[in-house]
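Dumped target-v7.txt below, it's compact mmCIF, C-alpha atoms:
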```
# COMPACT_ATOMS: atom_id res chain seq x y z
CA MET O 226 -17.41 -20.14 37.42
CA ILE O 227 -14.74 -18.48 35.28
CA SER O 228 -14.38 -19.66 31.67
CA VAL O 229 -10.74 -19.77 30.72
CA LEU O 230 -9.85 -19.90 27.02
CA PHE O 231 -6.62 -20.97 25.33
CA PHE O 232 -5.63 -20.60 21.70
CA GLY O 233 -2.92 -21.69 19.31
CA PRO O 234 0.40 -22.55 20.97
CA VAL O 235 -0.97 -22.22 24.52
CA ALA O 236 -3.93 -24.51 23.79
CA GLU O 237 -1.53 -27.02 22.26
CA ARG O 238 0.69 -27.08 25.37
CA ILE O 239 -2.28 -27.35 27.73
CA GLY O 240 -3.97 -29.97 25.58
CA LYS O 241 -7.32 -28.20 25.57
CA SER O 242 -8.81 -24.92 24.51
CA ALA O 243 -11.07 -24.20 27.50
CA LEU O 244 -11.31 -24.79 31.23
CA GLN O 245 -13.86 -23.92 33.90
CA VAL O 246 -12.36 -22.59 37.15
CA GLU O 247 -14.43 -22.15 40.27
CA PHE O 248 -14.96 -18.51 41.13
CA HIS O 249 -13.78 -17.22 44.51
CA HIS O 250 -14.72 -13.89 45.95
CA THR O 251 -11.80 -11.36 45.67
CA MET O 252 -10.16 -13.42 42.93
CA SER O 253 -7.88 -11.24 40.82
CA LEU O 254 -6.63 -11.93 37.32
CA GLN O 255 -3.18 -12.49 38.83
CA ASN O 256 -4.58 -15.07 41.31
CA LEU O 257 -6.13 -16.99 38.44
CA ARG O 258 -2.95 -16.78 36.42
CA ASP O 259 -0.81 -18.01 39.33
CA LYS O 260 -3.15 -20.93 39.96
CA LEU O 261 -3.13 -22.04 36.32
CA ALA O 262 0.59 -21.36 35.85
CA ALA O 263 1.33 -23.74 38.73
CA GLN O 264 -0.80 -26.40 37.04
CA TYR O 265 0.49 -25.81 33.47
CA PRO O 266 3.98 -24.31 33.84
CA GLN O 267 5.08 -25.25 30.32
CA ALA O 268 2.12 -23.51 28.72
CA PHE O 269 2.43 -20.38 30.86
CA GLU O 270 6.09 -19.96 29.82
CA ILE O 271 4.79 -18.55 26.55
CA VAL O 272 1.80 -16.59 27.89
CA CYS O 273 2.31 -12.88 27.15
CA PHE O 274 -1.15 -11.36 27.27
CA ALA O 275 -4.44 -11.77 29.12
CA ALA O 276 -7.93 -10.71 28.12
CA VAL O 277 -11.06 -10.42 30.24
CA ASN O 278 -14.39 -10.61 28.44
CA GLY O 279 -12.68 -10.08 25.11
CA GLU O 280 -10.73 -6.96 26.10
CA HIS O 281 -6.98 -6.68 26.58
CA ALA O 282 -6.24 -6.70 30.34
CA ARG O 283 -3.01 -4.89 31.13
CA ASP O 284 -3.64 -4.56 34.86
CA MET O 285 -3.24 -8.01 36.46
CA THR O 286 -4.58 -6.78 39.81
CA ILE O 287 -8.16 -6.34 38.54
CA ALA O 288 -10.83 -8.33 40.37
CA LEU O 289 -12.68 -10.95 38.35
CA THR O 290 -16.45 -11.34 38.55
CA ASP O 291 -18.34 -14.61 38.45
CA GLY O 292 -19.06 -15.69 34.89
CA SER O 293 -16.09 -13.82 33.38
CA GLU O 294 -14.38 -15.12 30.25
CA VAL O 295 -10.60 -14.97 30.60
CA ALA O 296 -7.98 -15.79 27.96
CA PHE O 297 -4.25 -16.32 28.54
CA MET O 298 -2.49 -15.84 25.24
CA ALA O 299 0.90 -16.25 23.59
CA LYS O 300 2.37 -13.46 21.47
CA PHE O 301 0.15 -12.93 18.44
CA SER O 302 1.38 -13.97 15.03
CA GLY O 303 -1.48 -13.03 12.73
CA GLY O 304 -1.28 -10.78 9.69
CA MET Y 1139 17.08 19.74 -37.71
CA ILE Y 1140 16.22 19.48 -34.04
CA SER Y 1141 12.70 18.27 -33.17
CA VAL Y 1142 11.40 20.19 -30.18
CA LEU Y 1143 8.43 18.75 -28.29
CA PHE Y 1144 6.01 20.45 -25.90
CA PHE Y 1145 3.40 18.87 -23.66
CA GLY Y 1146 0.51 19.85 -21.42
CA PRO Y 1147 0.69 23.39 -20.06
CA VAL Y 1148 3.77 24.33 -22.15
CA ALA Y 1149 2.15 23.11 -25.39
CA GLU Y 1150 -0.97 25.06 -24.51
CA ARG Y 1151 0.97 28.31 -24.03
CA ILE Y 1152 2.99 27.82 -27.21
CA GLY Y 1153 -0.08 26.80 -29.18
CA LYS Y 1154 1.56 23.72 -30.64
CA SER Y 1155 3.14 20.50 -29.49
CA ALA Y 1156 6.16 20.33 -31.79
CA LEU Y 1157 8.58 22.59 -33.68
CA GLN Y 1158 11.51 22.00 -36.00
CA VAL Y 1159 14.57 24.15 -35.30
CA GLU Y 1160 17.48 24.33 -37.70
CA PHE Y 1161 20.58 22.64 -36.30
CA HIS Y 1162 23.77 24.69 -35.93
CA HIS Y 1163 27.17 23.23 -35.21
CA THR Y 1164 28.16 23.72 -31.51
CA MET Y 1165 24.53 24.33 -30.52
CA SER Y 1166 24.07 23.55 -26.82
CA LEU Y 1167 20.83 22.74 -25.05
CA GLN Y 1168 21.11 26.15 -23.36
CA ASN Y 1169 21.45 27.90 -26.76
CA LEU Y 1170 18.28 26.21 -27.97
CA ARG Y 1171 16.45 27.05 -24.77
CA ASP Y 1172 17.50 30.73 -24.96
CA LYS Y 1173 16.41 30.97 -28.58
CA LEU Y 1174 12.97 29.50 -27.89
CA ALA Y 1175 12.51 31.35 -24.58
CA ALA Y 1176 12.99 34.64 -26.44
CA GLN Y 1177 10.32 33.58 -28.93
CA TYR Y 1178 7.86 32.13 -26.35
CA PRO Y 1179 8.60 33.90 -23.06
CA GLN Y 1180 5.21 33.10 -21.51
CA ALA Y 1181 5.58 29.37 -22.13
CA PHE Y 1182 9.18 29.24 -20.89
CA GLU Y 1183 8.16 30.86 -17.57
CA ILE Y 1184 6.84 27.44 -16.54
CA VAL Y 1185 9.55 25.27 -18.11
CA CYS Y 1186 11.36 23.34 -15.36
CA PHE Y 1187 12.93 20.37 -17.09
CA ALA Y 1188 14.51 19.47 -20.38
CA ALA Y 1189 14.98 16.09 -22.01
CA VAL Y 1190 17.21 15.07 -24.90
CA ASN Y 1191 16.23 11.96 -26.83
CA GLY Y 1192 13.85 10.93 -24.07
CA GLU Y 1193 16.35 11.25 -21.22
CA HIS Y 1194 16.33 13.85 -18.45
CA ALA Y 1195 19.00 16.47 -19.29
CA ARG Y 1196 20.29 18.15 -16.16
CA ASP Y 1197 23.38 19.66 -17.75
CA MET Y 1198 22.26 22.53 -20.00
CA THR Y 1199 25.75 22.93 -21.48
CA ILE Y 1200 25.63 19.66 -23.41
CA ALA Y 1201 26.05 19.91 -27.16
CA LEU Y 1202 23.13 18.83 -29.32
CA THR Y 1203 23.56 16.67 -32.39
CA ASP Y 1204 21.65 16.99 -35.61
CA GLY Y 1205 18.38 15.05 -35.49
CA SER Y 1206 18.03 15.21 -31.68
CA GLU Y 1207 14.62 15.21 -30.06
CA VAL Y 1208 14.42 17.83 -27.31
CA ALA Y 1209 11.54 18.48 -24.90
CA PHE Y 1210 11.09 21.53 -22.66
CA MET Y 1211 8.68 20.57 -19.90
CA ALA Y 1212 6.69 22.07 -17.02
CA LYS Y 1213 6.71 20.47 -13.60
CA PHE Y 1214 5.16 17.01 -13.84
CA SER Y 1215 1.75 16.40 -12.32
CA GLY Y 1216 1.08 12.75 -13.04
CA GLY Y 1217 0.30 10.08 -10.53
CA MET D 610 -21.94 -4.81 0.49
CA LYS D 611 -19.63 -6.88 2.71
CA ALA D 612 -18.65 -5.53 6.13
CA ALA D 613 -15.53 -3.34 6.25
CA VAL D 614 -13.91 -5.62 8.87
CA ARG D 615 -14.12 -9.38 8.49
CA ILE D 616 -12.55 -12.67 9.57
CA GLN D 617 -13.31 -15.40 7.08
CA GLN D 618 -12.14 -18.72 5.68
CA GLU D 619 -12.68 -17.86 2.02
CA ASP D 620 -10.45 -15.75 -0.19
CA PHE D 621 -11.35 -12.15 -1.04
CA SER D 622 -11.19 -9.99 -4.15
CA GLN D 623 -9.17 -6.79 -4.02
CA ASP D 624 -11.26 -5.30 -6.80
CA GLU D 625 -14.37 -5.85 -4.69
CA GLU D 626 -12.77 -4.46 -1.53
CA ILE D 627 -11.46 -1.39 -3.33
CA SER D 628 -14.76 -0.63 -4.98
CA ALA D 629 -16.49 -0.93 -1.59
CA LEU D 630 -13.87 1.42 -0.12
CA LYS D 631 -14.30 3.94 -2.93
CA ALA D 632 -18.10 3.86 -2.66
CA CYS D 633 -18.06 6.19 0.38
CA SER D 634 -16.57 9.23 -1.34
CA LYS D 635 -15.38 10.65 -4.63
CA ARG D 636 -12.93 12.83 -2.74
CA MET D 637 -10.64 9.85 -2.21
CA GLY D 638 -7.41 10.67 -4.02
CA GLY D 639 -5.19 7.93 -2.60
CA ILE D 640 -5.66 4.35 -1.47
CA GLY D 641 -2.88 2.40 0.20
CA THR D 642 -3.22 -1.33 0.58
CA PHE D 643 -1.24 -4.10 2.19
CA LEU D 644 -1.72 -7.72 1.21
CA GLY D 645 -0.05 -10.37 3.34
CA CYS D 646 0.49 -13.75 1.69
CA ALA D 647 1.61 -17.20 2.75
CA ARG D 648 5.27 -17.77 1.90
CA ASP D 649 6.31 -21.26 0.86
CA PHE D 650 9.65 -20.87 2.63
CA SER D 651 10.39 -19.42 6.06
CA GLU D 652 13.59 -19.34 8.13
CA GLY D 653 15.22 -21.99 5.99
CA ARG D 654 12.33 -24.43 5.98
CA GLU D 655 9.87 -25.29 3.22
CA VAL D 656 6.33 -24.44 4.32
CA GLU D 657 3.51 -26.47 2.82
CA GLN D 658 0.57 -24.79 4.51
CA ILE D 659 -0.24 -22.27 7.19
CA SER D 660 -3.14 -22.80 9.57
CA PHE D 661 -4.64 -20.20 11.87
CA ASP D 662 -6.19 -20.18 15.30
CA ALA D 663 -8.01 -17.07 16.51
CA TYR D 664 -9.91 -15.76 19.49
CA GLY D 665 -12.63 -14.93 16.99
CA SER D 666 -14.90 -12.52 18.88
CA MET D 667 -12.00 -10.55 20.37
CA ALA D 668 -10.04 -10.55 17.10
CA LEU D 669 -13.02 -9.08 15.26
CA SER D 670 -13.64 -6.40 17.88
CA GLU D 671 -9.93 -5.49 17.98
CA MET D 672 -9.90 -5.18 14.20
CA GLN D 673 -12.98 -2.95 14.34
CA LYS D 674 -11.30 -0.72 16.94
CA LEU D 675 -8.14 -0.66 14.87
CA ARG D 676 -10.11 0.54 11.83
CA SER D 677 -11.80 3.33 13.85
CA ASP D 678 -8.50 4.34 15.42
CA ALA D 679 -6.86 4.57 11.99
CA ILE D 680 -9.75 6.59 10.53
CA GLY D 681 -9.44 9.04 13.45
CA LYS D 682 -5.65 9.21 13.57
CA PHE D 683 -5.07 9.70 9.84
CA ALA D 684 -8.36 11.43 8.87
CA LEU D 685 -9.17 8.61 6.47
CA LEU D 686 -12.32 8.63 4.39
CA ASP D 687 -12.64 4.86 4.89
CA ALA D 688 -10.65 1.73 5.73
CA ARG D 689 -11.12 -2.03 5.44
CA ILE D 690 -9.47 -5.04 7.10
CA VAL D 691 -10.00 -8.68 6.11
CA HIS D 692 -8.16 -11.59 7.75
CA ARG D 693 -8.45 -15.19 6.67
CA ILE D 694 -8.46 -18.12 9.05
CA GLY D 695 -8.49 -21.88 8.43
CA THR D 696 -5.67 -23.34 6.36
CA VAL D 697 -3.93 -21.70 3.40
CA SER D 698 -1.16 -22.79 1.01
CA GLY D 699 1.98 -21.04 -0.30
CA GLY D 700 1.08 -17.94 -2.28
CA ASP D 701 -2.44 -17.66 -0.83
CA ASN D 702 -3.78 -14.43 0.60
CA ILE D 703 -3.86 -14.06 4.39
CA VAL D 704 -4.67 -10.47 5.26
CA PHE D 705 -5.81 -7.39 3.38
CA ILE D 706 -5.73 -3.83 4.65
CA ALA D 707 -6.90 -0.78 2.71
CA ALA D 708 -6.84 2.88 3.70
CA GLY D 709 -8.46 5.60 1.60
CA ALA D 710 -7.76 9.31 2.13
CA GLU D 711 -7.93 12.57 0.23
CA HIS D 712 -4.17 12.49 -0.29
CA ARG D 713 -1.59 9.77 -0.64
CA VAL D 714 0.58 10.39 2.42
CA ALA D 715 -2.23 9.74 4.91
CA ALA D 716 -3.39 6.66 2.99
CA LEU D 717 0.07 5.10 2.86
CA GLU D 718 0.98 5.93 6.45
CA ALA D 719 -2.34 4.61 7.75
CA CYS D 720 -1.88 1.38 5.84
CA ARG D 721 1.58 0.85 7.35
CA TRP D 722 0.30 1.71 10.83
CA MET D 723 -2.68 -0.64 10.59
CA ILE D 724 -0.68 -3.72 9.62
CA ASP D 725 1.92 -2.99 12.35
CA GLU D 726 -0.84 -2.55 14.95
CA LEU D 727 -2.80 -5.55 13.76
CA LYS D 728 0.21 -7.75 14.45
CA GLN D 729 0.43 -6.32 17.99
CA ARG D 730 -3.23 -6.21 18.95
CA VAL D 731 -5.23 -8.90 17.23
CA PRO D 732 -5.38 -12.38 18.81
CA ILE D 733 -4.61 -14.61 15.85
CA TRP D 734 -1.85 -17.24 15.72
CA LYS D 735 -0.31 -18.98 12.73
CA LYS D 736 1.18 -22.45 12.55
CA GLU D 737 3.52 -23.46 9.74
CA ILE D 738 3.01 -26.95 8.39
CA THR D 739 6.32 -28.25 7.03
CA PRO D 740 7.63 -31.64 5.88
CA GLN D 741 9.57 -31.70 9.20
CA GLY D 742 6.44 -31.15 11.26
CA ASP D 743 4.23 -28.30 12.43
CA ALA D 744 5.37 -25.27 14.42
CA TRP D 745 3.57 -22.24 15.80
CA VAL D 746 5.19 -19.07 14.54
CA VAL D 747 7.09 -17.10 17.15
CA PRO D 748 7.03 -13.45 16.07
CA HIS D 749 10.27 -11.52 16.23
CA PRO D 750 10.17 -8.64 18.71
CA MET J 406 0.38 -11.69 -19.11
CA LYS J 407 0.33 -7.91 -19.39
CA ALA J 408 3.60 -5.98 -19.13
CA ALA J 409 4.68 -4.96 -15.61
CA VAL J 410 4.88 -1.28 -16.65
CA ARG J 411 2.17 0.25 -18.82
CA ILE J 412 0.60 3.52 -19.91
CA GLN J 413 -2.93 2.95 -21.14
CA GLN J 414 -6.33 4.58 -21.67
CA GLU J 415 -8.37 1.72 -20.25
CA ASP J 416 -8.96 0.90 -16.61
CA PHE J 417 -7.10 -1.98 -14.94
CA SER J 418 -8.02 -4.71 -12.47
CA GLN J 419 -6.14 -4.90 -9.21
CA ASP J 420 -6.90 -8.60 -8.91
CA GLU J 421 -5.23 -9.15 -12.28
CA GLU J 422 -2.22 -6.99 -11.42
CA ILE J 423 -1.74 -8.69 -8.06
CA SER J 424 -1.99 -12.17 -9.48
CA ALA J 425 0.58 -11.22 -12.15
CA LEU J 426 2.83 -9.83 -9.40
CA LYS J 427 2.48 -12.96 -7.28
CA ALA J 428 3.18 -15.25 -10.25
CA CYS J 429 6.94 -14.66 -9.96
CA SER J 430 7.45 -16.17 -6.53
CA LYS J 431 5.78 -17.97 -3.66
CA ARG J 432 8.23 -16.37 -1.29
CA MET J 433 6.34 -13.08 -1.48
CA GLY J 434 5.05 -12.42 2.02
CA GLY J 435 4.00 -8.78 1.61
CA ILE J 436 2.56 -6.68 -1.17
CA GLY J 437 2.12 -2.93 -0.83
CA THR J 438 0.00 -1.10 -3.35
CA PHE J 439 -0.93 2.49 -4.03
CA LEU J 440 -3.94 3.42 -6.09
CA GLY J 441 -4.35 7.06 -7.11
CA CYS J 442 -7.87 8.13 -8.04
CA ALA J 443 -9.50 11.19 -9.56
CA ARG J 444 -11.07 13.40 -6.89
CA ASP J 445 -14.25 15.23 -7.75
CA PHE J 446 -13.16 18.24 -5.69
CA SER J 447 -9.78 19.97 -5.56
CA GLU J 448 -8.66 23.20 -3.88
CA GLY J 449 -12.23 24.37 -3.43
CA ARG J 450 -13.41 23.65 -6.96
CA GLU J 451 -15.65 20.90 -8.26
CA VAL J 452 -13.76 18.76 -10.80
CA GLU J 453 -15.80 17.08 -13.51
CA GLN J 454 -13.01 15.27 -15.31
CA ILE J 455 -9.25 15.01 -15.44
CA SER J 456 -7.41 14.73 -18.73
CA PHE J 457 -3.79 13.76 -19.17
CA ASP J 458 -1.00 14.65 -21.54
CA ALA J 459 2.20 12.61 -21.52
CA TYR J 460 5.55 12.38 -23.26
CA GLY J 461 4.63 8.78 -23.89
CA SER J 462 7.93 7.16 -24.87
CA MET J 463 9.90 8.94 -22.15
CA ALA J 464 7.20 8.37 -19.52
CA LEU J 465 7.24 4.64 -20.23
CA SER J 466 11.02 4.39 -20.11
CA GLU J 467 11.15 6.45 -16.88
CA MET J 468 8.53 4.15 -15.31
CA GLN J 469 10.56 1.10 -16.39
CA LYS J 470 13.70 2.59 -14.82
CA LEU J 471 11.73 3.45 -11.69
CA ARG J 472 10.56 -0.15 -11.38
CA SER J 473 14.13 -1.50 -11.78
CA ASP J 474 15.48 1.06 -9.32
CA ALA J 475 12.84 0.07 -6.73
CA ILE J 476 13.51 -3.65 -7.21
CA GLY J 477 17.23 -3.02 -6.62
CA LYS J 478 16.89 -0.53 -3.76
CA PHE J 479 14.35 -2.52 -1.72
CA ALA J 480 15.26 -6.10 -2.82
CA LEU J 481 11.75 -6.58 -4.18
CA LEU J 482 10.68 -9.84 -5.77
CA ASP J 483 8.61 -7.91 -8.31
CA ALA J 484 6.89 -4.57 -8.92
CA ARG J 485 4.29 -3.17 -11.33
CA ILE J 486 3.32 0.35 -12.40
CA VAL J 487 0.27 1.25 -14.50
CA HIS J 488 -0.70 4.84 -15.39
CA ARG J 489 -3.81 5.82 -17.28
CA ILE J 490 -3.96 8.62 -19.84
CA GLY J 491 -6.88 10.10 -21.76
CA THR J 492 -9.79 11.50 -19.76
CA VAL J 493 -11.15 10.15 -16.46
CA SER J 494 -14.05 11.15 -14.18
CA GLY J 495 -14.33 11.60 -10.40
CA GLY J 496 -13.64 8.34 -8.59
CA ASP J 497 -11.87 6.73 -11.55
CA ASN J 498 -8.49 5.05 -11.22
CA ILE J 499 -5.43 6.97 -12.41
CA VAL J 500 -2.30 5.16 -11.27
CA PHE J 501 -1.52 1.81 -9.69
CA ILE J 502 1.74 0.82 -8.06
CA ALA J 503 2.45 -2.56 -6.50
CA ALA J 504 5.59 -3.79 -4.73
CA GLY J 505 6.05 -7.39 -3.61
CA ALA J 506 8.77 -8.47 -1.19
CA GLU J 507 9.53 -11.28 1.22
CA HIS J 508 8.53 -9.06 4.15
CA ARG J 509 6.12 -6.21 4.63
CA VAL J 510 8.48 -3.36 5.49
CA ALA J 511 10.31 -3.48 2.15
CA ALA J 512 7.04 -3.79 0.24
CA LEU J 513 5.42 -0.82 1.95
CA GLU J 514 8.48 1.41 1.81
CA ALA J 515 9.07 0.62 -1.85
CA CYS J 516 5.47 1.44 -2.67
CA ARG J 517 5.74 4.81 -0.98
CA TRP J 518 9.07 5.53 -2.66
CA MET J 519 7.77 4.60 -6.11
CA ILE J 520 4.75 6.90 -6.06
CA ASP J 521 6.86 9.78 -4.70
CA GLU J 522 9.49 9.23 -7.40
CA LEU J 523 6.92 8.76 -10.15
CA LYS J 524 5.56 12.22 -9.43
CA GLN J 525 9.11 13.66 -9.70
CA ARG J 526 10.41 11.75 -12.68
CA VAL J 527 7.68 10.79 -15.09
CA PRO J 528 6.60 13.32 -17.75
CA ILE J 529 2.82 13.25 -17.39
CA TRP J 530 0.60 16.30 -16.81
CA LYS J 531 -2.97 16.47 -15.60
CA LYS J 532 -5.60 19.08 -16.41
CA GLU J 533 -8.69 19.52 -14.26
CA ILE J 534 -11.90 20.15 -16.15
CA THR J 535 -14.27 22.19 -13.94
CA PRO J 536 -17.51 24.10 -14.51
CA GLN J 537 -15.39 27.29 -14.29
CA GLY J 538 -13.02 26.13 -17.03
CA ASP J 539 -9.97 23.92 -17.47
CA ALA J 540 -6.67 24.27 -15.62
CA TRP J 541 -3.40 22.38 -15.71
CA VAL J 542 -2.50 21.16 -12.25
CA VAL J 543 0.48 22.92 -10.65
CA PRO J 544 2.04 20.44 -8.22
CA HIS J 545 2.95 21.73 -4.79
CA PRO J 546 6.69 21.66 -4.09
```

Could the structure of this file be written out as structure tokens, please?
Amino acid sequence: MISVLFFGPVAERIGKSALQVEFHHTMSLQNLRDKLAAQYPQAFEIVCFAAVNGEHARDMTIALTDGSEVAFMAKFSGG
Amino acid sequence: MISVLFFGPVAERIGKSALQVEFHHTMSLQNLRDKLAAQYPQAFEIVCFAAVNGEHARDMTIALTDGSEVAFMAKFSGG
Amino acid sequence: MKAAVRIQQEDFSQDEEISALKACSKRMGGIGTFLGCARDFSEGREVEQISFDAYGSMALSEMQKLRSDAIGKFALLDARIVHRIGTVSGGDNIVFIAAGAEHRVAALEACRWMIDELKQRVPIWKKEITPQGDAWVVPHP
Amino acid sequence: MKAAVRIQQEDFSQDEEISALKACSKRMGGIGTFLGCARDFSEGREVEQISFDAYGSMALSEMQKLRSDAIGKFALLDARIVHRIGTVSGGDNIVFIAAGAEHRVAALEACRWMIDELKQRVPIWKKEITPQGDAWVVPHP
């Protein structure tokens, strides 16, 4: 399974702060994003960044591994 | 009389922190500086700024008035 | 002594943070700080409170990296970053950044760089609570 | 409340200064500060203490002008400047500058500008007291 986390404005649009997605072999970050964006288009309108296991992920083609923690995040507004 | 003030490194070289100089009609700041520089050449080597009555004086040609307070100062090193 | 990088609900004391920063070295000639506070008015609307959501573990590790990066980039003697979460009111402290260096230029430039980078890198979001309703803040580009 | 611009022998509290600064407005979103400290080492020599001489009345009025100039130039909500005189030891506070604005850029730029200008404009001189003797500091151009 992949744990998907949402925060702030994205969590609000999705209506929850976490989801479990079944892991598929050869699943990339982009595949996961596409799947969720189709399900929650309104939330993904404001997604700007992704993180895998707590690290910024700039390359959307990276392969995910089973048990990964992935976050799709809106533009930060801390500070 | 003109009160002349010295501070920090200038006062140390002159050996005192204040002097009284007799006021002369048409005495400019430059006249006063020249007179004191002749008397205390070593101290005036490091004089960079002058102030009249507590205000920076950039124009050395200004006329002094009796009772003025004049300071001849080294480069500042506060802060 | 408290950690140099923290995310916490409670307020902080600048005197305490600065004395912790100074503890590392007596060669520190300049300390630049930035304190971000909650404004009671934003883009024409009255703001009663600000609440925060954060990806806590990632935010903390990004702040730790940011501190190390700043120490390396500006040859700082030390640096500290504290960010509050939870809910704060107008005038309350939100974020504190301190950079200590031998000379002032490095300290002030590092401080400016750290707050700019923090806003880019650290996964924290603020929501303004106003009499007209709540709204997540959309940062200007 | 203490005056916004002061020259004093005693140390100051940043928490006190910041809360005085914030008292003027809840629209203050950013506060930049600079704290200058006595280094125990300078240009290869150990420094035991630093003592100050000042043209007190002029220094105070120049610092007051500097504060007003900064408030005007950077549209600050408030600013404070405190400079210590007398004799301080390594690690001790010397000067504190704080600039509060609606947004961070103005606050940080004003803070930088004020400390740079203070060094140019304000008649204060420091002498380093070292084991090899005392020496007035000659500022670099």

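Proximity to chain Y was assessed for D:Met610, D:Glu625, D:Gly638, D:Cys720 counting all atoms listed in the file; the smallest distance is recorded for D:Gly638.
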
Problem - Exercise: D:Glu626 partners within 10 Å, all atoms listed in the file, chain neighbours under 5 positions left out, as a ChimeraX atom specification - result: /D:610-613,621,631-632,688-691,705-707

Problem - Long-range neighbours of stretch 1183-1193 of chain Y as number ranges by chain, 8 Å cut-off, all atoms listed in the file, 6 positions minimum in chain - result: Y: 1148, 1206-1213; J: 462-463

Practice task
Enter the distance from atom CA of D:Leu727 to atom CA of J:Ala511, in Å, rounded to one decimal.
Solution key: 17.6 Å

Problem - Neighbours of chain D in chain J at 6 Å, counting only C-alpha atoms, as a list of chain:residue names - result: J:Gln419, J:Asp420, J:Lys431, J:Arg432, J:Met433, J:Gly434, J:Gly435, J:Ile436, J:Gly437, J:Thr438, J:Phe439, J:Leu440, J:Gly441, J:Cys442, J:Ala443, J:Arg444, J:Asp445, J:Gly495, J:Gly496

Exercise for the section: Residues of chain D near chain O: apply a cut-off of 8 Å, count only C-alpha atoms, and supply the list as a PyMOL selection string. Expected result: chain D and resi 645+661-664+666-667+692+703-704+724+727-736+745-748

What does chain O look like after a least-squares fit onto chain Y on every Cα paired in order, written as a CSV table (one decimal) with C-alpha atoms, keeping the file's coordinate frame?
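Output (superposed_0.csv):
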```csv
chain,number,residue,atom,x,y,z
O,226,MET,CA,17.1,19.8,-37.7
O,227,ILE,CA,16.2,19.5,-34.0
O,228,SER,CA,12.7,18.3,-33.2
O,229,VAL,CA,11.4,20.2,-30.2
O,230,LEU,CA,8.4,18.7,-28.3
O,231,PHE,CA,6.0,20.4,-25.9
O,232,PHE,CA,3.4,18.9,-23.7
O,233,GLY,CA,0.5,19.8,-21.4
O,234,PRO,CA,0.7,23.4,-20.1
O,235,VAL,CA,3.8,24.3,-22.2
O,236,ALA,CA,2.2,23.1,-25.4
O,237,GLU,CA,-1.0,25.1,-24.5
O,238,ARG,CA,1.0,28.3,-24.0
O,239,ILE,CA,3.0,27.8,-27.2
O,240,GLY,CA,-0.1,26.8,-29.2
O,241,LYS,CA,1.6,23.7,-30.6
O,242,SER,CA,3.1,20.5,-29.5
O,243,ALA,CA,6.2,20.3,-31.8
O,244,LEU,CA,8.6,22.6,-33.7
O,245,GLN,CA,11.5,22.0,-36.0
O,246,VAL,CA,14.6,24.1,-35.3
O,247,GLU,CA,17.5,24.3,-37.7
O,248,PHE,CA,20.6,22.7,-36.3
O,249,HIS,CA,23.8,24.7,-35.9
O,250,HIS,CA,27.1,23.3,-35.2
O,251,THR,CA,28.2,23.8,-31.5
O,252,MET,CA,24.5,24.3,-30.5
O,253,SER,CA,24.1,23.5,-26.8
O,254,LEU,CA,20.8,22.7,-25.0
O,255,GLN,CA,21.1,26.1,-23.4
O,256,ASN,CA,21.4,27.9,-26.8
O,257,LEU,CA,18.3,26.2,-28.0
O,258,ARG,CA,16.5,27.1,-24.8
O,259,ASP,CA,17.5,30.7,-24.9
O,260,LYS,CA,16.4,31.0,-28.6
O,261,LEU,CA,13.0,29.5,-27.9
O,262,ALA,CA,12.5,31.3,-24.6
O,263,ALA,CA,13.0,34.6,-26.4
O,264,GLN,CA,10.3,33.6,-28.9
O,265,TYR,CA,7.9,32.1,-26.4
O,266,PRO,CA,8.6,33.9,-23.1
O,267,GLN,CA,5.2,33.1,-21.5
O,268,ALA,CA,5.6,29.4,-22.1
O,269,PHE,CA,9.2,29.2,-20.9
O,270,GLU,CA,8.2,30.9,-17.6
O,271,ILE,CA,6.8,27.5,-16.5
O,272,VAL,CA,9.5,25.3,-18.1
O,273,CYS,CA,11.3,23.4,-15.3
O,274,PHE,CA,12.9,20.4,-17.1
O,275,ALA,CA,14.5,19.5,-20.4
O,276,ALA,CA,15.0,16.1,-22.0
O,277,VAL,CA,17.2,15.1,-24.9
O,278,ASN,CA,16.2,11.9,-26.8
O,279,GLY,CA,13.8,10.9,-24.1
O,280,GLU,CA,16.3,11.2,-21.2
O,281,HIS,CA,16.3,13.8,-18.4
O,282,ALA,CA,19.0,16.5,-19.3
O,283,ARG,CA,20.3,18.1,-16.1
O,284,ASP,CA,23.4,19.7,-17.7
O,285,MET,CA,22.3,22.5,-20.0
O,286,THR,CA,25.7,22.9,-21.5
O,287,ILE,CA,25.6,19.6,-23.4
O,288,ALA,CA,26.1,19.9,-27.2
O,289,LEU,CA,23.1,18.8,-29.3
O,290,THR,CA,23.6,16.7,-32.4
O,291,ASP,CA,21.6,17.0,-35.6
O,292,GLY,CA,18.4,15.0,-35.5
O,293,SER,CA,18.0,15.2,-31.7
O,294,GLU,CA,14.6,15.2,-30.1
O,295,VAL,CA,14.4,17.8,-27.3
O,296,ALA,CA,11.5,18.5,-24.9
O,297,PHE,CA,11.1,21.5,-22.7
O,298,MET,CA,8.7,20.6,-19.9
O,299,ALA,CA,6.7,22.1,-17.0
O,300,LYS,CA,6.7,20.5,-13.6
O,301,PHE,CA,5.2,17.0,-13.8
O,302,SER,CA,1.8,16.4,-12.3
O,303,GLY,CA,1.1,12.8,-13.1
O,304,GLY,CA,0.3,10.1,-10.5
```

Fill in the blank from the handout: Pairwise distance, atom CA of Y:Leu1167 with atom CA of J:Glu467, equals 20.6 Å

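Take atom CA of Y:Ile1152 and atom CA of Y:Thr1199: the distance between them is 24.0 Å.
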